[in-house]
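I have placed the structure first, in the form of structure tokens, so that the comments after it can refer back to it.
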Amino acid sequence: MKKVIALLCVLAAGACLFAQTSALSDPNPEIIGHDSAMLSLREVSIDKFEREGAWNVHISPDFGVIAGRLFEGNPSMKEPLAGEEDKADEDTQVLGVKVDFFKRGVNSFTIMSGRPLPIEGTVKTVSLWVCGRNQSHDMYVLLQDYFGRNYELYLGNLGFSGWKKLTCVIPPSPDGEHGIVQSSAYYGDKPGVRILGFRVDCNPMQARGTYYLYIDDLRAVTDLYDIENHDEDDMADNW
């Protein structure tokens with residue numbers, strides 16, 4: 001009997017560990033902010049990096065020089081959005097960033113959009129395809145919440161070769177006042193956040209020579225329930 005109980009405990013612990021590992025490696029938008037009774041999740045495109053001059057790159061002149069431009073290419077593992085399977089010929093480029101370091105040290109560089117990129121609804125996750133060139137630098141997404149407050153969220157480490165989809169979770173506000181707030185009943189009816197860009201914090205031991213980085217297909221999973229279920233005869237609180 002004791003052996004049976006011990007075996008059941010081991011199986012239960014293994015199941016819990018598997019669930020935790022799965023949740024960490026593959027964020028599930030359906031359980032983020034699960035206090036919401038009804039969800040209407042949609043994966044939407046924020047930017048496909050097809051417009052020259054839409055993104056600006058910067059690094060401190062004390063640490064190096066940086067350049068950014070578009071290149072022909074596409075992650076082969078990327079799947080088109082639902083309903084856009086026939087638009088593959090409109091998504092043919094990626095944004096490339098080249099950094100020439102002057103010296104090793106604690107430094108970073110940014111990739112900023114020419115204008116804030118708004119996302120409607122209650123955003124659950126943000127994803128980006130990245131080609132990191134197997135350098136152990138850390139990448140963050142920079143955003144503004146509903147009140148215009150700036151935040152940074154960890155997107156992932158770039159210590160991998162080839163293309164990889166990096167995803168970060170936008171944590172729900174605990175009370176509608178603190179943390180990343182995406183909506184408010186007191187200030188209008190346009191929920192969401194705005195993507196400002198990205199920052200790469202360089203590993204001091206590997207920030208030398210020339211570093212290449214490529215990014216593509218910025219997306220978000222967002223809850224559009226309130227927007228899609230707005231009554232046609234109900235006025236919009238945006239005047």
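A note on labels: chains of the structure tokens are A, B, ... as shown, every chain counts residues from 1, and ligands are counted from 1 in their shown order.
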For stretch 160-171 of chain A, list every protein, DNA or RNA residue within 9 Å, evaluated using only C-alpha atoms, and leave out those in the same chain fewer than 4 positions away; present the list as JSON, numbers by chain. {"A": [26, 27, 28, 29, 32, 33, 75, 76, 77, 78, 123, 124, 125, 126, 127, 128, 129, 130, 131, 132, 133, 134, 135, 136, 140, 141, 153, 154, 155, 156, 179, 180, 214, 215]}
As a PyMOL selection string, please: every residue in stretch 137-208 of chain A that DSSP puts in strand (DSSP E). chain A and resi 138-144+150-157+163-169+192-201
Resulting file, chosen residues, C-alpha atoms, as a PDB file, in the first residue's frame:
ATOM      1  CA  ASP A 138      19.316  39.747 -23.737  1.00  0.00           C
ATOM      2  CA  MET A 139      16.419  41.303 -25.660  1.00  0.00           C
ATOM      3  CA  TYR A 140      13.534  43.336 -24.226  1.00  0.00           C
ATOM      4  CA  VAL A 141      10.352  44.769 -25.746  1.00  0.00           C
ATOM      5  CA  LEU A 142       9.616  48.408 -24.835  1.00  0.00           C
ATOM      6  CA  LEU A 143       5.993  49.501 -24.555  1.00  0.00           C
ATOM      7  CA  GLN A 144       3.582  52.074 -23.148  1.00  0.00           C
ATOM      8  CA  ASN A 150       6.835  53.121 -20.147  1.00  0.00           C
ATOM      9  CA  TYR A 151       7.646  49.485 -19.396  1.00  0.00           C
ATOM     10  CA  GLU A 152      10.124  46.880 -20.561  1.00  0.00           C
ATOM     11  CA  LEU A 153       9.437  43.141 -20.732  1.00  0.00           C
ATOM     12  CA  TYR A 154      12.020  40.408 -21.156  1.00  0.00           C
ATOM     13  CA  LEU A 155      11.719  38.816 -24.584  1.00  0.00           C
ATOM     14  CA  GLY A 156      14.536  36.284 -24.402  1.00  0.00           C
ATOM     15  CA  ASN A 157      18.237  35.484 -24.682  1.00  0.00           C
ATOM     16  CA  TRP A 163      15.572  31.910 -36.552  1.00  0.00           C
ATOM     17  CA  LYS A 164      13.578  31.538 -33.348  1.00  0.00           C
ATOM     18  CA  LYS A 165      10.200  32.919 -32.259  1.00  0.00           C
ATOM     19  CA  LEU A 166      10.500  34.805 -28.976  1.00  0.00           C
ATOM     20  CA  THR A 167       7.351  35.456 -26.937  1.00  0.00           C
ATOM     21  CA  CYS A 168       6.717  37.514 -23.813  1.00  0.00           C
ATOM     22  CA  VAL A 169       3.636  37.697 -21.617  1.00  0.00           C
ATOM     23  CA  GLY A 192      -4.564  48.387 -25.379  1.00  0.00           C
ATOM     24  CA  VAL A 193      -0.860  49.134 -25.288  1.00  0.00           C
ATOM     25  CA  ARG A 194       1.644  50.704 -27.694  1.00  0.00           C
ATOM     26  CA  ILE A 195       4.880  49.061 -28.811  1.00  0.00           C
ATOM     27  CA  LEU A 196       7.805  51.485 -28.851  1.00  0.00           C
ATOM     28  CA  GLY A 197      10.626  49.147 -29.877  1.00  0.00           C
ATOM     29  CA  PHE A 198      13.272  46.826 -28.497  1.00  0.00           C
ATOM     30  CA  ARG A 199      16.455  46.995 -26.447  1.00  0.00           C
ATOM     31  CA  VAL A 200      19.324  44.535 -26.527  1.00  0.00           C
ATOM     32  CA  ASP A 201      21.539  44.397 -23.425  1.00  0.00           C
TER      33      ASP A 201
END
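Once stretch 63-65 of chain A and its same-chain neighbours fewer than 4 positions away are set aside, His58, Ile59, Lys98, Val99, Asp100, Phe101, Phe102, Lys103, Arg104, Gly105, Asn107 and Ser108 of chain A remain within 9 Å of it when counting only C-alpha atoms.
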Would you mind exporting the chosen residues as a PDB file, in the first residue's frame, restricted to C-alpha atoms?
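result29.pdb, written as the output of this step:
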ATOM      1  CA  HIS A  58      20.899  53.586 -31.835  1.00  0.00           C
ATOM      2  CA  ILE A  59      23.939  52.798 -29.710  1.00  0.00           C
ATOM      3  CA  LYS A  98      24.722  45.549 -37.683  1.00  0.00           C
ATOM      4  CA  VAL A  99      26.765  46.673 -34.659  1.00  0.00           C
ATOM      5  CA  ASP A 100      30.504  47.328 -34.747  1.00  0.00           C
ATOM      6  CA  PHE A 101      31.744  47.424 -31.152  1.00  0.00           C
ATOM      7  CA  PHE A 102      34.674  49.630 -30.176  1.00  0.00           C
ATOM      8  CA  LYS A 103      35.341  47.801 -26.925  1.00  0.00           C
ATOM      9  CA  ARG A 104      33.852  45.289 -24.577  1.00  0.00           C
ATOM     10  CA  GLY A 105      31.748  46.648 -21.726  1.00  0.00           C
ATOM     11  CA  ASN A 107      26.316  48.500 -23.108  1.00  0.00           C
ATOM     12  CA  SER A 108      23.092  48.158 -25.056  1.00  0.00           C
TER      13      SER A 108
END
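The two atoms in question, atom CA of A:Val94 and atom CA of A:Glu72, are spaced 6.4 Å apart.
The residue that comes closest to A:Leu213, out of A:Glu177, A:Lys48, A:Tyr225, A:Leu70 and on the basis of only C-alpha atoms, is A:Leu70.
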Ranking A:Glu79, A:Asp89, A:Leu41, A:Ser60 by minimum distance to A:Asp217 and counting only C-alpha atoms, which one comes first?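 Closest residue, counting only C-alpha atoms: A:Glu79.
Between A:Gly96 and the residues A:Gly83, A:Pro118, A:Gly68, A:Pro204, the shortest atom-to-atom distance, using only C-alpha atoms, involves A:Gly68.
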Nearest residue to A:Ile111 out of A:Pro61, A:Pro80, A:Gly148, A:Gly53, using only C-alpha atoms?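 With only C-alpha atoms as the atom set, the closest residue is A:Gly53.
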